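Structure data (mmCIF, C-alpha atoms) from query.cif:
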data_my_file
loop_
_atom_site.label_atom_id
_atom_site.label_comp_id
_atom_site.auth_asym_id
_atom_site.auth_seq_id
_atom_site.Cartn_x
_atom_site.Cartn_y
_atom_site.Cartn_z
CA MET A 390 141.49 59.44 168.03
CA GLY A 391 141.29 59.20 164.27
CA LEU A 392 142.72 62.71 163.91
CA PHE A 393 145.58 61.83 166.31
CA SER A 394 146.37 58.69 164.32
CA ASN A 395 146.67 60.67 161.09
CA GLN A 396 149.13 63.03 162.73
CA LEU A 397 151.38 60.05 163.47
CA LEU A 398 151.15 58.73 159.89
CA ASP A 399 154.13 59.52 157.61
CA VAL A 400 154.78 58.78 153.94
CA ILE A 401 158.49 58.50 153.23
CA GLU A 402 159.14 59.23 149.54
CA TRP A 403 161.28 61.29 147.19
CA ASN A 404 159.92 64.84 147.43
CA GLU A 405 162.63 66.62 145.44
CA THR A 406 161.12 68.10 142.25
CA ARG A 407 164.38 68.84 140.41
CA ASN A 408 165.41 66.33 137.71
CA ASP A 409 169.18 66.88 138.04
CA VAL A 410 169.55 65.37 141.54
CA LEU A 411 171.58 62.16 141.94
CA PHE A 412 170.59 61.57 145.56
CA TRP A 413 168.28 63.24 148.05
CA LYS A 414 168.07 62.68 151.80
CA TRP A 415 164.72 62.43 153.59
CA LYS A 416 165.41 63.80 157.02
CA ASN A 417 162.63 64.33 159.58
CA SER A 418 163.02 64.21 163.33
CA GLU A 419 161.74 60.63 163.39
CA ILE A 420 159.80 57.97 161.51
CA LYS A 421 156.37 57.52 163.12
CA LYS A 422 154.30 54.41 163.68
CA ASN A 423 152.24 53.29 160.66
CA SER A 424 154.60 55.12 158.25
CA ARG A 425 155.02 53.80 154.72
CA LEU A 426 157.96 53.82 152.33
CA ILE A 427 157.36 54.44 148.62
CA ILE A 428 160.11 53.50 146.15
CA ARG A 429 159.40 54.48 142.56
CA PRO A 430 161.00 53.12 139.36
CA GLY A 431 164.57 54.35 138.96
CA GLN A 432 165.05 54.79 142.71
CA ASP A 433 166.79 52.96 145.57
CA ALA A 434 166.21 53.70 149.27
CA ILE A 435 168.88 53.40 151.96
CA PHE A 436 167.98 53.44 155.67
CA MET A 437 170.60 55.07 157.91
CA HIS A 438 170.76 55.28 161.72
CA ASN A 439 173.40 57.25 163.58
CA GLY A 440 175.39 57.64 160.35
CA LYS A 441 175.45 53.90 159.61
CA VAL A 442 173.66 52.02 156.85
CA GLU A 443 170.90 49.78 158.21
CA GLY A 444 169.48 48.49 154.93
CA VAL A 445 169.39 49.04 151.15
CA PHE A 446 166.09 48.58 149.29
CA THR A 447 166.13 48.45 145.48
CA GLU A 448 162.71 47.00 144.60
CA GLU A 449 160.05 49.54 143.69
CA GLY A 450 156.84 49.40 145.71
CA ASN A 451 154.82 50.71 148.69
CA TYR A 452 156.04 49.23 152.00
CA GLU A 453 154.83 49.45 155.59
CA ILE A 454 157.78 50.46 157.74
CA GLU A 455 156.88 48.48 160.88
CA THR A 456 156.13 45.13 159.24
CA GLU A 457 158.07 45.15 155.94
CA ILE A 458 161.13 47.34 156.51
CA ILE A 459 162.23 47.19 160.15
CA PRO A 460 162.51 43.37 160.21
CA LEU A 461 165.07 43.64 157.40
CA LEU A 462 167.30 46.22 159.08
CA SER A 463 170.58 45.17 160.63
CA THR A 464 170.64 46.52 164.20
CA LEU A 465 167.09 47.91 164.31
CA LYS A 466 165.16 44.82 163.31
CA GLY A 467 163.90 44.42 166.87
CA PHE A 468 162.76 48.03 167.15
CA LYS A 469 159.23 48.57 168.57
CA PHE A 470 157.29 51.76 168.03
CA GLY A 471 155.94 53.43 171.15
CA PHE A 472 152.55 55.10 171.41
CA LYS A 473 154.06 58.54 170.93
CA SER A 474 157.69 57.81 170.11
CA GLY A 475 159.05 57.00 166.66
CA LEU A 476 162.24 55.76 164.99
CA LYS A 477 165.01 58.29 164.62
CA ALA A 478 166.47 57.44 161.22
CA GLU A 479 167.32 58.94 157.82
CA VAL A 480 166.37 57.64 154.39
CA LEU A 481 168.66 58.35 151.46
CA PHE A 482 166.98 58.11 148.04
CA ILE A 483 169.28 57.23 145.14
CA ASN A 484 168.46 58.16 141.53
CA THR A 485 169.67 55.17 139.50
CA LYS A 486 169.34 56.67 136.02
CA GLU A 487 172.19 58.04 133.90
CA PHE A 488 172.72 61.79 133.77
CA GLN A 489 174.16 63.75 130.88
CA VAL A 490 176.65 66.42 131.88
CA LYS A 491 177.81 69.16 129.50
CA TRP A 492 181.48 70.10 129.76
CA GLY A 493 183.84 72.64 128.25
CA THR A 494 187.39 73.79 128.87
CA LYS A 495 187.60 76.67 131.36
CA SER A 496 190.29 78.39 129.29
CA PRO A 497 192.36 77.51 126.20
CA VAL A 498 194.59 74.48 126.73
CA ASN A 499 198.08 75.00 125.28
CA ILE A 500 198.96 71.86 123.34
CA PRO A 501 202.61 71.37 122.25
CA ALA A 502 202.91 72.01 118.49
CA PRO A 503 205.89 72.24 116.09
CA GLY A 504 207.08 75.81 115.52
CA MET A 505 205.00 77.17 118.41
CA PRO A 506 207.11 77.50 121.58
CA GLY A 507 204.11 78.43 123.71
CA GLY A 508 201.93 75.67 122.27
CA MET A 509 198.68 75.75 120.30
CA PRO A 510 195.81 77.22 122.41
CA ILE A 511 192.82 74.93 121.90
CA ARG A 512 189.34 74.88 123.42
CA ALA A 513 186.97 71.90 123.39
CA PHE A 514 183.48 71.04 124.57
CA GLY A 515 181.18 68.04 124.67
CA SER A 516 179.26 65.88 127.12
CA PHE A 517 179.57 62.76 129.24
CA ASN A 518 177.13 60.39 130.96
CA VAL A 519 177.45 59.51 134.64
CA LYS A 520 175.53 57.44 137.18
CA ILE A 521 175.87 56.17 140.75
CA ASP A 522 177.80 52.91 140.87
CA ASP A 523 178.71 52.22 144.52
CA HIS A 524 176.19 53.18 147.25
CA MET A 525 178.59 52.63 150.14
CA THR A 526 181.41 54.73 148.65
CA LEU A 527 178.97 57.52 147.78
CA ILE A 528 177.63 57.57 151.35
CA ASP A 529 181.10 57.48 152.83
CA LYS A 530 182.53 60.26 150.63
CA ILE A 531 179.53 62.46 149.85
CA ALA A 532 176.19 61.64 151.45
CA GLY A 533 177.50 61.80 154.99
CA ILE A 534 177.98 65.56 154.72
CA LYS A 535 175.45 66.61 152.03
CA SER A 536 171.68 66.36 151.90
CA GLN A 537 171.67 66.15 148.09
CA PHE A 538 174.08 65.80 145.19
CA THR A 539 173.37 67.35 141.77
CA VAL A 540 174.68 67.32 138.21
CA ASP A 541 176.40 70.65 138.87
CA ASP A 542 178.36 69.03 141.71
CA VAL A 543 179.51 66.27 139.34
CA LYS A 544 180.41 68.81 136.66
CA MET A 545 182.51 70.84 139.09
CA ARG A 546 184.51 67.76 140.07
CA ALA A 547 184.96 66.62 136.45
CA LEU A 548 186.12 70.01 135.14
CA ALA A 549 188.84 70.06 137.78
CA VAL A 550 190.65 67.29 135.85
CA VAL A 551 189.27 67.42 132.27
CA ASP A 552 191.73 70.08 131.05
CA GLN A 553 194.74 68.01 132.13
CA LEU A 554 193.28 64.84 130.63
CA LEU A 555 192.53 66.66 127.38
CA MET A 556 196.14 67.77 127.03
CA LYS A 557 197.40 64.27 127.86
CA TRP A 558 195.26 62.48 125.27
CA ILE A 559 195.61 65.07 122.50
CA VAL A 560 199.39 64.69 122.72
CA ARG A 561 199.01 60.91 122.68
CA GLU A 562 196.27 60.43 120.04
CA GLY A 563 196.10 63.73 118.13
CA LYS A 564 197.88 62.75 114.92
CA ASP A 565 196.98 65.98 113.06
CA MET A 566 197.05 69.09 115.25
CA PHE A 567 194.94 71.00 112.70
CA ASN A 568 192.31 68.27 112.40
CA LEU A 569 191.87 66.93 115.93
CA GLN A 570 188.24 66.07 115.25
CA ALA A 571 189.44 63.19 113.08
CA ASN A 572 190.94 61.55 116.19
CA SER A 573 188.28 62.73 118.65
CA PHE A 574 186.97 59.19 119.23
CA ASP A 575 190.35 57.89 120.44
CA ILE A 576 190.99 61.04 122.48
CA ALA A 577 187.55 60.77 124.12
CA ASN A 578 188.03 57.09 124.97
CA GLY A 579 191.28 57.87 126.74
CA ILE A 580 189.70 60.71 128.73
CA LYS A 581 186.72 58.49 129.65
CA THR A 582 189.00 55.82 131.12
CA ASP A 583 190.96 58.30 133.25
CA LEU A 584 187.92 60.32 134.31
CA ASP A 585 186.08 57.15 135.31
CA MET A 586 188.96 56.24 137.62
CA GLU A 587 188.59 59.63 139.30
CA MET A 588 184.80 59.38 139.69
CA ILE A 589 184.95 55.83 141.10
CA LYS A 590 186.63 57.36 144.15
CA ILE A 591 183.29 58.95 145.11
CA GLY A 592 181.03 56.07 143.99
CA LEU A 593 180.22 57.29 140.46
CA THR A 594 181.04 55.83 137.05
CA ILE A 595 181.43 57.45 133.62
CA THR A 596 179.49 55.44 131.01
CA SER A 597 180.41 57.56 127.96
CA PHE A 598 182.46 60.61 127.04
CA ASN A 599 182.05 62.64 123.84
CA ILE A 600 183.99 65.50 122.27
CA GLU A 601 181.64 67.53 120.10
CA ASN A 602 184.11 70.09 118.80
CA PHE A 603 187.61 71.53 119.01
CA SER A 604 188.07 75.27 118.49
CA TYR A 605 191.25 77.11 117.50
CA PRO A 606 192.36 80.76 117.68
CA GLU A 607 190.64 82.88 115.06
CA SER A 608 193.75 83.31 112.91
CA VAL A 609 194.44 79.56 112.89
CA GLN A 610 190.80 78.74 112.19
CA LYS A 611 190.76 81.05 109.16
CA MET A 612 193.80 79.27 107.75
CA ILE A 613 192.15 75.88 108.32
CA ASP A 614 188.93 77.07 106.66
CA LYS A 615 190.83 78.30 103.59
CA ASN A 616 192.73 75.05 103.30
CA ALA A 617 189.49 73.12 103.45
CA ALA A 618 187.72 75.42 100.97
CA TYR A 619 190.42 75.47 98.30
CA GLY A 620 191.99 72.04 98.83
CA MET A 621 195.47 73.45 99.21
CA VAL A 622 196.80 71.83 102.36
CA GLY A 623 200.58 71.87 102.02
CA ASN A 624 200.48 73.92 98.75
CA ILE A 625 201.90 77.32 99.65
CA GLY A 626 201.89 78.52 96.03
CA HIS A 627 198.20 77.85 95.70
CA TYR A 628 197.56 79.58 99.03
CA GLN A 629 199.45 82.68 97.81
CA ASN A 630 197.51 82.74 94.52
CA VAL A 631 194.17 82.53 96.29
CA SER A 632 195.20 85.23 98.76
CA MET A 633 196.15 87.49 95.84
CA VAL A 634 192.78 86.93 94.16
CA GLU A 635 190.95 87.73 97.39
CA ALA A 636 192.96 90.94 97.81
CA MET A 637 192.07 91.97 94.23
CA GLU A 638 188.39 91.37 94.90
CA LYS A 639 188.49 93.53 98.03
CA ASN A 640 190.55 96.35 96.40
CA PRO A 641 190.02 96.14 92.62
CA ASN A 642 191.26 99.66 91.75
CA ASN A 643 194.58 99.94 93.55
CA SER A 644 197.91 99.78 91.74
CA MET A 645 198.90 96.45 93.21
CA ALA A 646 195.69 94.92 91.97
CA ASN A 647 196.27 96.31 88.45
CA MET A 648 199.79 94.91 88.39
CA ALA A 649 198.54 91.59 89.64
CA GLN A 650 195.85 91.53 86.96
CA ALA A 651 198.42 92.28 84.25
CA GLY A 652 200.69 89.56 85.56
CA MET A 653 197.81 87.11 85.69
CA GLY A 654 196.88 88.01 82.09
CA MET A 655 200.41 87.29 80.91
CA GLN A 656 200.45 84.07 82.84
CA MET A 657 197.14 83.01 81.30
CA GLY A 658 198.50 83.80 77.79
CA MET A 659 201.60 81.73 78.40
CA ASN A 660 199.48 78.89 79.71
CA MET A 661 197.32 79.02 76.56
CA MET A 662 200.40 78.96 74.29
CA ASN A 663 201.84 76.02 76.18
CA GLU A 664 198.55 74.19 75.90
CA MET A 665 198.37 74.82 72.12
CA LYS A 666 201.96 73.63 71.73
CA LYS A 667 201.17 70.43 73.59
CA ASN A 668 198.13 69.83 71.38
CA MET A 669 200.17 70.31 68.20
CA GLU A 670 202.88 67.95 69.44
CA ASN A 671 200.29 65.35 70.34
CA SER A 672 198.66 65.68 66.91
CA SER A 673 202.02 65.34 65.12
CA SER A 674 202.91 62.30 67.19
CA SER A 675 199.56 60.71 66.38
CA ASN A 676 200.01 61.26 62.62
CA SER A 677 203.52 59.81 62.70
CA SER A 678 202.28 56.71 64.43
CA HIS A 679 199.49 56.36 61.88
CA ASN A 680 201.88 56.67 58.94
CA ALA A 681 204.29 54.18 60.48
CA GLY A 682 201.47 51.74 60.90
CA GLY A 683 200.46 52.27 57.26
CA ASN A 684 203.93 51.39 55.98
CA ASN A 685 203.85 48.08 57.83
CA SER A 686 200.42 47.15 56.59
CA SER A 687 200.08 44.12 54.28
CA THR A 688 199.63 44.38 50.47
CA THR A 689 196.79 42.92 48.38
CA CYS A 690 196.66 40.51 45.49
CA LYS A 691 196.54 42.23 42.10
CA SER A 692 194.14 39.60 40.77
CA CYS A 693 191.53 38.97 43.50
CA GLY A 694 192.26 41.67 46.10
CA GLU A 695 193.00 39.18 48.89
CA PRO A 696 195.16 40.76 51.67
CA LEU A 697 198.73 39.43 51.53
CA SER A 698 201.33 39.33 54.25
CA ALA A 699 204.55 41.28 53.72
CA ASN A 700 206.61 38.19 52.82
CA ALA A 701 203.97 36.28 50.82
CA LYS A 702 205.21 35.08 47.42
CA PHE A 703 201.84 33.79 46.14
CA CYS A 704 198.21 34.69 46.88
CA PRO A 705 196.63 32.10 49.25
CA ASN A 706 193.25 32.64 47.54
CA CYS A 707 193.95 32.43 43.81
CA GLY A 708 197.62 31.40 43.62
CA THR A 709 198.76 34.46 41.67
CA LYS A 710 202.44 35.30 42.09
CA ASN A 711 203.14 38.33 44.27
CA VAL A 712 204.72 40.70 41.74
CA GLN A 713 205.63 43.29 44.39
CA GLU A 714 207.70 40.71 46.28
CA GLU A 715 209.50 39.83 43.10
CA VAL A 716 210.14 43.46 42.22
CA THR A 717 211.47 44.09 45.72
CA LYS A 718 213.85 41.19 45.35
CA THR A 719 215.06 42.26 41.90
CA LYS A 720 215.86 45.71 43.25
CA LYS A 721 218.51 44.29 45.57
CA LYS A 722 221.99 44.10 43.90
CA PHE A 723 225.20 42.72 45.32
CA CYS A 724 228.86 43.17 44.35
CA SER A 725 230.24 40.11 42.58
CA GLU A 726 233.66 40.64 44.13
CA CYS A 727 233.03 41.37 47.83
CA GLY A 728 229.31 40.49 48.18
CA ALA A 729 228.35 43.88 49.58
CA GLN A 730 224.87 45.22 48.74
CA VAL A 731 225.00 47.82 46.00
CA ALA A 732 222.61 50.76 45.87
CA GLU A 733 220.18 50.87 42.96
CA GLY A 734 221.69 52.64 39.93
CA ALA A 735 225.26 52.45 41.26
CA LYS A 736 227.97 51.58 38.66
CA PHE A 737 230.73 50.77 41.14
CA CYS A 738 230.75 48.96 44.52
CA GLY A 739 230.94 51.27 47.50
CA GLU A 740 233.01 48.74 49.45
CA CYS A 741 235.68 47.52 47.04
CA GLY A 742 235.35 49.87 44.04
CA CYS A 743 234.76 47.12 41.50
CA LYS A 744 232.50 47.81 38.55
CA VAL A 745 229.00 46.54 38.96
CA ASN A 746 227.76 44.30 36.17
#
Kindly present the structure from the file in C-alpha cells form.
Amino acid sequence: MGLFSNQLLDVIEWNETRNDVLFWKWKNSEIKKNSRLIIRPGQDAIFMHNGKVEGVFTEEGNYEIETEIIPLLSTLKGFKFGFKSGLKAEVLFINTKEFQVKWGTKSPVNIPAPGMPGGMPIRAFGSFNVKIDDHMTLIDKIAGIKSQFTVDDVKMRALAVVDQLLMKWIVREGKDMFNLQANSFDIANGIKTDLDMEMIKIGLTITSFNIENFSYPESVQKMIDKNAAYGMVGNIGHYQNVSMVEAMEKNPNNSMANMAQAGMGMQMGMNMMNEMKKNMENSSSSNSSHNAGGNNSSTTCKSCGEPLSANAKFCPNCGTKNVQEEVTKTKKKFCSECGAQVAEGAKFCGECGCKVN
C-alpha cells in the first residue's frame, strides 16, 4: 500500500534547467492526490483547466494541492480526488525576474544625410531589459500555444521592429550624424518607449534600452577617426596637410614627396621670417611706448631731488623755484603785433611779417 501511495504522489515544480526561460508549462496527464506545489523565489504559478485560468499564486512556499490550492480555485474549488483518479489541469510557472537581451541591426540602416542621396548606412548594437508584466495577456497571446517562452523568442520579436525605430529616432534626435553616440541616450529613450508599446501587446514590458555603439562604413569611420585624432573637424586645409604628410611617410622617395618636402621647407622658412618680423615690430612698439612714457615723466628738484609734477613752479619739499618751468616759459615768444607764437630764434613773425623784438 505504501508503494502504491508513493506512485500517486506528485511534486509540481519548475523543472526547466535553462536560465533564459520566461515561462514554463508543467503538463502531466493529471495532478494526483497528495500532490504538492512548490513555488520558489522569483516565480509565480498559474493553475489552468481546459484552457482557462483557475488561480494565480505569487507567494513562494510548499503547498498541498488538495487542502491549500484547490479551495482557492475558481470553478474547481469543490473538486474531490478519487482513489485512482486525479485532477486534469496544467500549471504555468512564470519567471518574474528581468532578462537582458542583446540586440543588433540585421543589416545597415540607411539614415537620411545631407549630400548622400541613398542615405548613410549605419549599424548599431546594444541591449535591453524585459520582464513579464501582464499574466493574462501573456497567456492569451503566447502561453496558450507554447509550452515555454525564451529570451530568443523575445529577441526575435524585438528585432522585427528595432530597425524601423532606430531610423525614426536617429532622424528625430541625432543632431550630429557623425557623432550619434553623443545623442544615444535620447535616441535610446525614444526607442524604449515605442518598443515597450509593442511588447505590452503580448504581456511584456521593456524596463531599459541601451545603445552601446554606432558603426559607420569603413571609409566614413576613417574620416571620423582622423578628425578626432587631429582636431580638424571642418578644417579642410588642415585635413589636406595631414593627408600629404601621411603620404610622404608611406612613400618618402617618390617625386611627389620630394616636391612636397621642398614646398614645406619654403613654407617653414616663410613662417620663420614672418615670426621674426612680428617679434621685431613688437619690440619696436614696446620701445616707443617706453620712450613716450619717459617724456611724460615728472622732473626733480635741483636742490633736494624731490619729484616734481610737470607744471610745478616750486618744490613742495624745500620751496626752491622750479628753474626748468621758468626756462620753458621764457622760451615761448609771441608777436607784439598779432599775438601769434614765434619760433625760438626767429627775427620776423611768421603770421604778419613784423620784426620780432
Just the residues within 9 Å of segment 545-554 of chain A, please, counting all atoms listed in the file, with nothing from its chain fewer than 4 positions along; format it as a list in words. Trp492, Gly493, Thr494, Lys495, Ser496, Pro497, Val498, Val540, Asp541, Trp558, Ile559, Gly579, Ile580, Asp583, Leu584, Glu587 and Met588 of chain A
Picked residues, the PyMOL selection byres ((chain A and resi 729) around 12), expected as a list in words: Lys721, Lys722, Phe723, Cys724, Ser725, Glu726, Cys727, Gly728, Gln730, Val731, Ala732, Phe737, Cys738, Gly739, Glu740, Cys741, Gly742, Cys743 and Val745 of chain A
Restricting to only C-alpha atoms, whichever of A:Ala502, A:Met509, A:Ile483, A:Leu426 is closest to Asp522 of chain A is A:Ile483
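Note that the spacing between atom CA of Arg512 of chain A and atom CA of Lys590 of chain A amounts to 27.3 Å.
Going from atom CA of Leu593 of chain A over to atom CA of Lys520 of chain A, you cover 5.7 Å.
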With the PyMOL selection byres ((chain A and resi 470) around 12) as the selection, what would be picked from this file? Answer as a ChimeraX atom specification, please. /A:397,419-424,454-456,459,465-469,471-477
Using all atoms listed in the file, can you tell me which of A:Asn404, A:Thr447, A:Ser418, A:Ser698 comes closest to Glu479 of chain A?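 Nearest to Glu479 of chain A: A:Ser418.
The nearest approach to Glu601 of chain A among the residues A:Lys581, A:Asn711, A:Phe514, A:Gln489, with all atoms listed in the file taken into account, belongs to A:Phe514.
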Counting all atoms listed in the file, select every polymer residue within 12 Å of (161.7, 48.3, 154.6) as defined in the file's coordinates, and provide the selection as a PyMOL selection string. chain A and resi 401+424-428+433-437+443-463+465-466+480
Record the distance separating atom CA of His438 of chain A and atom CA of Ala478 of chain A, expressed in Å with one decimal.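 Atom CA of Ala478 of chain A lies 4.8 Å from atom CA of His438 of chain A.
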Counting all atoms listed in the file, figure out which residue out of A:Lys486, A:Lys666, A:Arg429, A:Lys441 gets nearest to Val410 of chain A.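 So, comparing all the options, the nearest one is A:Lys486.
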Residues matched by the PyMOL selection byres ((chain A and resi 412) around 6), written as a VMD selection string: chain A and resid 410 to 411 413 482 to 484 537 to 538
Centre, edges in Å (one decimal): axis-aligned box, segment 576-590 of chain A, 3 Å padding on all six sides, as lines of an AutoDock Vina configuration file:
center_x = 188.0
center_y = 58.4
center_z = 133.3
size_x = 12.5
size_y = 11.2
size_z = 27.7
Can you pull out every residue within 9 Å of Ser692 of chain A, counting all atoms listed in the file, but drop anything in the same chain fewer than 3 positions away, and send it as a list of chain:residue names? A:Thr689, A:Glu695, A:Cys704, A:Cys707, A:Thr709
Top pick for closest residue to Gly563 of chain A, considering A:Gln432, A:Asn518, A:Lys416, A:Ile500 and counting all atoms listed in the file: A:Ile500
Using all atoms listed in the file, pick whichever of A:Gly592, A:Asn568, A:Asn602, A:Phe703 has the shortest atom-to-atom distance to Ile531 of chain A.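 Comparing A:Gly592, A:Asn568, A:Asn602, A:Phe703 against Ile531 of chain A, the winner is A:Gly592.
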Just want the 9 Å neighbourhood of Ser597 of chain A, counted on only C-alpha atoms, with same-chain residues fewer than 4 positions away dropped. Output as a PyMOL selection string. chain A and resi 516-519+577-578+581
For segment 726-735 of chain A, which lacks atoms in the input, supply all heavy atoms and format the output as a PDB file, keeping the file's coordinate frame.
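Output (rebuild15.pdb):
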ATOM      1  N   GLU A 726     232.321  40.840  43.587  1.00  0.00           N
ATOM      2  CA  GLU A 726     233.660  40.640  44.130  1.00  0.00           C
ATOM      3  C   GLU A 726     233.653  40.455  45.647  1.00  0.00           C
ATOM      4  O   GLU A 726     234.204  39.510  46.185  1.00  0.00           O
ATOM      5  CB  GLU A 726     234.550  41.843  43.770  1.00  0.00           C
ATOM      6  CG  GLU A 726     234.804  41.981  42.286  1.00  0.00           C
ATOM      7  CD  GLU A 726     235.611  40.821  41.720  1.00  0.00           C
ATOM      8  OE1 GLU A 726     236.438  40.269  42.507  1.00  0.00           O
ATOM      9  OE2 GLU A 726     235.401  40.461  40.565  1.00  0.00           O
ATOM     10  N   CYS A 727     232.985  41.422  46.359  1.00  0.00           N
ATOM     11  CA  CYS A 727     233.030  41.370  47.830  1.00  0.00           C
ATOM     12  C   CYS A 727     231.707  40.964  48.458  1.00  0.00           C
ATOM     13  O   CYS A 727     231.633  40.684  49.661  1.00  0.00           O
ATOM     14  CB  CYS A 727     233.489  42.723  48.388  1.00  0.00           C
ATOM     15  SG  CYS A 727     232.309  44.061  48.083  1.00  0.00           S
ATOM     16  N   GLY A 728     230.624  40.915  47.682  1.00  0.00           N
ATOM     17  CA  GLY A 728     229.310  40.490  48.180  1.00  0.00           C
ATOM     18  C   GLY A 728     228.538  41.578  48.882  1.00  0.00           C
ATOM     19  O   GLY A 728     227.434  41.327  49.404  1.00  0.00           O
ATOM     20  N   ALA A 729     229.069  42.801  48.923  1.00  0.00           N
ATOM     21  CA  ALA A 729     228.350  43.880  49.580  1.00  0.00           C
ATOM     22  C   ALA A 729     227.154  44.311  48.756  1.00  0.00           C
ATOM     23  O   ALA A 729     227.176  44.232  47.518  1.00  0.00           O
ATOM     24  CB  ALA A 729     229.287  45.057  49.816  1.00  0.00           C
ATOM     25  N   GLN A 730     226.063  44.760  49.456  1.00  0.00           N
ATOM     26  CA  GLN A 730     224.870  45.220  48.740  1.00  0.00           C
ATOM     27  C   GLN A 730     225.182  46.543  48.073  1.00  0.00           C
ATOM     28  O   GLN A 730     225.788  47.429  48.647  1.00  0.00           O
ATOM     29  CB  GLN A 730     223.691  45.374  49.702  1.00  0.00           C
ATOM     30  CG  GLN A 730     222.384  45.722  48.984  1.00  0.00           C
ATOM     31  CD  GLN A 730     221.189  45.701  49.923  1.00  0.00           C
ATOM     32  OE1 GLN A 730     221.309  45.217  51.033  1.00  0.00           O
ATOM     33  NE2 GLN A 730     220.074  46.225  49.481  1.00  0.00           N
ATOM     34  N   VAL A 731     224.724  46.629  46.795  1.00  0.00           N
ATOM     35  CA  VAL A 731     225.000  47.820  46.000  1.00  0.00           C
ATOM     36  C   VAL A 731     223.708  48.596  45.835  1.00  0.00           C
ATOM     37  O   VAL A 731     222.641  48.013  45.574  1.00  0.00           O
ATOM     38  CB  VAL A 731     225.580  47.441  44.624  1.00  0.00           C
ATOM     39  CG1 VAL A 731     225.875  48.690  43.797  1.00  0.00           C
ATOM     40  CG2 VAL A 731     226.841  46.611  44.795  1.00  0.00           C
ATOM     41  N   ALA A 732     223.789  49.906  46.019  1.00  0.00           N
ATOM     42  CA  ALA A 732     222.610  50.760  45.870  1.00  0.00           C
ATOM     43  C   ALA A 732     222.130  50.723  44.442  1.00  0.00           C
ATOM     44  O   ALA A 732     222.902  50.532  43.491  1.00  0.00           O
ATOM     45  CB  ALA A 732     222.946  52.185  46.292  1.00  0.00           C
ATOM     46  N   GLU A 733     220.793  50.915  44.289  1.00  0.00           N
ATOM     47  CA  GLU A 733     220.180  50.870  42.960  1.00  0.00           C
ATOM     48  C   GLU A 733     220.740  51.995  42.099  1.00  0.00           C
ATOM     49  O   GLU A 733     220.833  53.145  42.521  1.00  0.00           O
ATOM     50  CB  GLU A 733     218.671  50.998  43.111  1.00  0.00           C
ATOM     51  CG  GLU A 733     217.939  50.881  41.784  1.00  0.00           C
ATOM     52  CD  GLU A 733     216.436  51.000  41.936  1.00  0.00           C
ATOM     53  OE1 GLU A 733     215.967  51.159  43.104  1.00  0.00           O
ATOM     54  OE2 GLU A 733     215.736  50.947  40.934  1.00  0.00           O
ATOM     55  N   GLY A 734     221.142  51.654  40.875  1.00  0.00           N
ATOM     56  CA  GLY A 734     221.690  52.640  39.930  1.00  0.00           C
ATOM     57  C   GLY A 734     223.174  52.863  40.038  1.00  0.00           C
ATOM     58  O   GLY A 734     223.765  53.581  39.230  1.00  0.00           O
ATOM     59  N   ALA A 735     223.819  52.246  41.078  1.00  0.00           N
ATOM     60  CA  ALA A 735     225.260  52.450  41.260  1.00  0.00           C
ATOM     61  C   ALA A 735     226.040  51.669  40.193  1.00  0.00           C
ATOM     62  O   ALA A 735     225.661  50.573  39.800  1.00  0.00           O
ATOM     63  CB  ALA A 735     225.688  52.005  42.647  1.00  0.00           C
TER      64      ALA A 735
END
